[in-house]
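*Asks:* I have a structure here, written as structure tokens, and I will follow up with some questions on it.
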Amino acid sequence: MTAEPLLPATDVTFDEVGLLAATRSVRKHSRVVRDRRTRSIGLATGVAPLPPEVELLGTLPPTYPEWLGDRDFLTEHGARFPYVAGEMANGIAGTRMVVAMAEAGMLGIFGAGGLAPAEIECALAELTKSLRGRRNWGVNLIHMPGAPELEDRVADLLIAAGTPIVSASAFMELTPAVVRCSAAGLTVDRQGRIVRRTKLIAKVSRPEIAEQFMAPAPPQILEHLVTRRLLSATEALLARKIPVAQDVTAEADSGGHTDNRPLSVLLPSLLASRDTMSSRLRVPAVRVGAAGGIGTPAAVAGAFATGAAYVVTGTINQTAVEAELSGAAKELLAQADLMDVCMAPASDMFELGIKLQVLRRGTMFAGRAAQLYELYQSFDSFESIPAQRRQVLERTVLGESFQSAWTATRAYWLHRDPGQVARAERDPRHLMALVFRSYLGRSSQWAIDGTPARRTDFQIWCGPVIGAFNRWIGDSFLSHAENRTVAQIGLNLMEGAAVVTRAQQLRSSGVPVPSAAFSFVPRPLA
């Protein structure tokens with residue numbers, strides 16, 4: 001009697017080529033198998049029965065990019081992917097970018113930092129109209145310790161517009177403005193659960209600041225807001241029962257304001273703080289996301305593996321088609337490597353000595369900004385600076401006379417915050433600081449506009465991740481500027497992270513995964 005032939009075992013593989021192909025099939029079940037004769041471990045990706053000489057060791061379910069983060073984050077914000085992009089200041093993360101992100105099922109945050117209230121109001125009107133009915137978008141509220149009235153004004157606009165998400169950044173302490181964004185509109189549903197009208201995401205780089213957002217708002221701030229009739233007594237009462245933020249982003253070594261902390265150190269620390277605060281205060285636990293150094297699939301996968309609920313990208317999106325940044329500035333970013341960044345004085349917190357991370361290659365901004373801060377520290381007024389240094393400063397940095405620069409700066413502040421002008425006219429050192437800050441602020445605008453005469457003064461907020469990103473996209477389709485949309489960047493990072501995650505799952509199951517399985521070449525994704 002002839003033996004019945006075995007079913008073809010074409011779905012079983014033990015060789016490197018087959019394992020690599022099977023590893024990349026992230027949306028299929030993978031069966032980890034072992035050859036009974038050779039004891040080799042391999043994969044079976046089909047549904048055909050296994051031949052007798054192959055035993056089943058275990059099965060891995062599909063791995064989807066959408067499933068890498070916290071499912072509640074997706075439900076809460078009406079998103080498909082646990083991926084956030086945006087809030088690059090001065091409108092670099094503009095309305096085009098936010099709309100593109102939202103339509104791709106991710107979160108887009110408008111970069112309101114540094115913009116006048118009128119500009120923010122126009123952007124809110126455009127976004128509200130374009131994204132009507134969507135909840136996966138928001139606007140940045142940046143801490144302005146030197147101009148609290150402006151911070152309050154931006155909060156007014158965000159609340160009045162019904163902005164679904166407010167992303168608070170650079171805060172060194174809680175302020176009435178950020179607490180009001182969190183507490184305004186709080187209600188209770190039929191099940192007795194507190195419902196937020198506005199979702200607050202706080203981006204922080206220090207555990208002690210994170211813990212302020214993980215706890216309920218301080219009673220004194222709430223009482224102050226009720227007294228000023230900016231919150232109702234009911235809203236303040238409910239705000240005492242929930243954390244200020246619903247999500248807290250661990251901002252590691254990033255572009256702009258940063259403490260240069262490694263994500264592998266900061267993220268676990270904030271996760272531990274979250275658990276401690278929730279248990280001690282008996283309040284809902286906030287979700288913790290990851291930002292800073294996120295620019296390759298491996299970085300995304302690593303953040304999720306550490307426990308991040310979502311990931312946030314910033315620097316790399318400045319190279320996107322939708323970024324409101326000049327072509328000249330984007331070219332500089334495209335040429336940057338890991339070491340082509342440095343710290344420089346910040347315009348918004350100049351007097352406090354706060355620094356931010358910027359691109360160094362191709363621009364002299366960082367050195368010139370440091371020179372301005374050194375002069376501010378050393379002299380009480382512009383007139384007290386030695387004449388020769390004043391002349392060099394006017395010629396090589398300001399590009400005009402100090403008096404001319406003050407005339408323009410004065411006009412700016414008269415429109416934005418007249419109190420600054422009044423103070424400057426009483427205090428020569430403050431007047432000097434405003435002029436120096438004007439250079440720092442305009443340098444960002446020169447990069448946005450691509451002003452040819454000011455190319456060496458471009459200020460481009462940038463973290464070292466730009467080098468890793470440029471190396472990853474290499475000669476792929478994303479290396480072509482016209483293909484580098486913010487959605488394609490996000491989709492490729494998330495798809496690549498799923499591939500890397502799958503490779504590690506299989507390796508930890510004993511499969512001899514080829515090293516090439518941990519790399520992902522960008523490609524057009526729908």
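Simple scheme: letters A, B, ... for chains in structure tokens order, numbers from 1 for residues in each chain, numbers from 1 for ligands in the order shown.
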Extract, using only C-alpha atoms, all DNA, RNA and protein residues at most 9 Å from segment 141-149 of chain A, discarding same-chain residues fewer than 4 positions from it, and format them as a list of chain:residue names.
*Replies:* A:Gly111, A:Ala112, A:Gly113, A:Gly114, A:Arg153, A:Val154, A:Ala155, A:Leu158, A:Val166, A:Ser167, A:Ala168, A:Ser169, A:Ala170, A:Phe171, A:Met172, A:Glu173, A:Thr175, A:Ala177, A:Val178, A:Asp348, A:Met349, A:Asp417, A:Gln420
*Asks:* Run DSSP on the backbone and give me the residues of segment 50-263 of chain A it puts in alpha helix (DSSP H), as a PyMOL selection string.
*Replies:* chain A and resi 71-77+95-103+117-130+148-160+176-183+207-214+219-227+233-239+263
*Asks:* One decimal, in Å: what's the spacing between atom CA of Glu121 of chain A and atom CA of Asp449 of chain A?
*Replies:*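 Atom-to-atom, atom CA of Glu121 of chain A to atom CA of Asp449 of chain A, that is 21.3 Å.
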*Asks:* Give me the residues within 12 Å of Phe365 of chain A as a ChimeraX atom specification, counting only C-alpha atoms and dropping any in the same chain fewer than 6 places off.
*Replies:* /A:341-346,357-359,371-372,396-398,439-444,446-447,454-461
*Asks:* Given only C-alpha atoms as the basis, pick out the residue of A:Val188, A:Val12, A:Met214, A:Ala424 nearest to Asp275 of chain A.
*Replies:*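 Distance minimum relative to Asp275 of chain A lands on A:Met214.
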*Asks:* Neighbouring residues of segment 250-258 of chain A were defined as those with any atom within 8 Å, considering only C-alpha atoms; residues of the same chain fewer than 2 positions away were excluded. Please report them as number ranges by chain.
*Replies:* A: 170, 203-205, 248, 260-263, 266-267, 270, 288-293, 314-315, 346, 355-358, 461-465
*Asks:* Write out as number ranges by chain which residues come within 10 Å of Tyr373 of chain A when counting only C-alpha atoms, dropping same-chain ones fewer than 5 positions away.
*Replies:* A: 344-346, 350-351, 353, 368, 378, 433, 436-437
*Asks:* Based on the backbone DSSP call, show me all residues of segment 228-445 of chain A assigned strand (DSSP E), as a PyMOL selection string.
*Replies:* chain A and resi 247-251+256-257+287-291+311-313+341-345+355-359
*Asks:* Store the residues picked out above in a file with N, CA and C atoms, as a compact mmCIF listing (two decimals), in the first residue's frame.
*Replies:*
# COMPACT_ATOMS: atom_id res chain seq x y z
N ASP A 247 -2.87 63.42 29.86
CA ASP A 247 -1.68 62.77 29.30
C ASP A 247 -0.47 63.62 29.63
N VAL A 248 0.63 62.97 29.97
CA VAL A 248 1.89 63.66 30.24
C VAL A 248 2.96 63.08 29.32
N THR A 249 3.61 63.93 28.58
CA THR A 249 4.65 63.50 27.64
C THR A 249 6.03 63.70 28.26
N ALA A 250 6.81 62.63 28.31
CA ALA A 250 8.19 62.72 28.77
C ALA A 250 9.03 63.28 27.64
N GLU A 251 9.47 64.53 27.78
CA GLU A 251 10.25 65.17 26.72
C GLU A 251 11.73 65.01 27.02
N GLY A 256 14.60 72.73 20.68
CA GLY A 256 13.93 73.76 21.46
C GLY A 256 14.22 73.63 22.95
N HIS A 257 13.20 73.93 23.78
CA HIS A 257 13.37 73.84 25.23
C HIS A 257 13.59 72.38 25.63
N ARG A 287 -1.93 58.94 31.41
CA ARG A 287 -1.12 58.21 30.44
C ARG A 287 0.19 58.96 30.24
N VAL A 288 1.26 58.23 29.96
CA VAL A 288 2.57 58.84 29.77
C VAL A 288 3.09 58.51 28.38
N GLY A 289 3.39 59.53 27.61
CA GLY A 289 3.93 59.35 26.27
C GLY A 289 5.40 59.69 26.22
N ALA A 290 6.00 59.56 25.04
CA ALA A 290 7.44 59.76 24.88
C ALA A 290 7.72 60.73 23.75
N ALA A 291 8.65 61.65 23.99
CA ALA A 291 9.10 62.61 22.98
C ALA A 291 10.58 62.85 23.17
N VAL A 311 3.72 58.24 21.12
CA VAL A 311 4.98 58.90 20.83
C VAL A 311 4.72 60.25 20.17
N VAL A 312 5.67 61.16 20.36
CA VAL A 312 5.56 62.50 19.81
C VAL A 312 6.83 62.81 19.01
N THR A 313 6.67 63.30 17.81
CA THR A 313 7.82 63.73 17.00
C THR A 313 7.74 65.23 16.78
N VAL A 341 24.20 69.91 16.43
CA VAL A 341 23.28 70.70 17.24
C VAL A 341 24.03 71.25 18.44
N CYS A 342 23.46 72.28 19.07
CA CYS A 342 24.07 72.85 20.28
C CYS A 342 23.01 73.64 21.03
N MET A 343 23.36 74.11 22.22
CA MET A 343 22.43 74.89 23.05
C MET A 343 22.69 76.38 22.85
N ALA A 344 21.60 77.17 22.89
CA ALA A 344 21.70 78.62 22.70
C ALA A 344 20.64 79.30 23.57
N PRO A 345 20.85 80.58 23.94
CA PRO A 345 19.87 81.29 24.76
C PRO A 345 18.49 81.34 24.09
N LYS A 355 18.12 77.98 28.10
CA LYS A 355 18.64 77.69 26.76
C LYS A 355 17.76 76.68 26.04
N LEU A 356 17.91 76.66 24.73
CA LEU A 356 17.20 75.68 23.91
C LEU A 356 18.18 75.10 22.89
N GLN A 357 17.78 73.96 22.32
CA GLN A 357 18.67 73.24 21.40
C GLN A 357 18.35 73.63 19.96
N VAL A 358 19.40 73.98 19.22
CA VAL A 358 19.23 74.47 17.85
C VAL A 358 20.22 73.79 16.91
N LEU A 359 19.97 73.96 15.64
CA LEU A 359 20.89 73.47 14.61
C LEU A 359 22.15 74.33 14.62
*Asks:* Work out how far atom CA of Val265 of chain A is from atom CA of Thr306 of chain A, in Å to one decimal.
*Replies:*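 These atoms are spaced 10.3 Å apart.
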*Asks:* How far is it from atom CA of Gly490 of chain A to atom CA of Thr198 of chain A, in Å with one decimal?
*Replies:* 24.7 Å
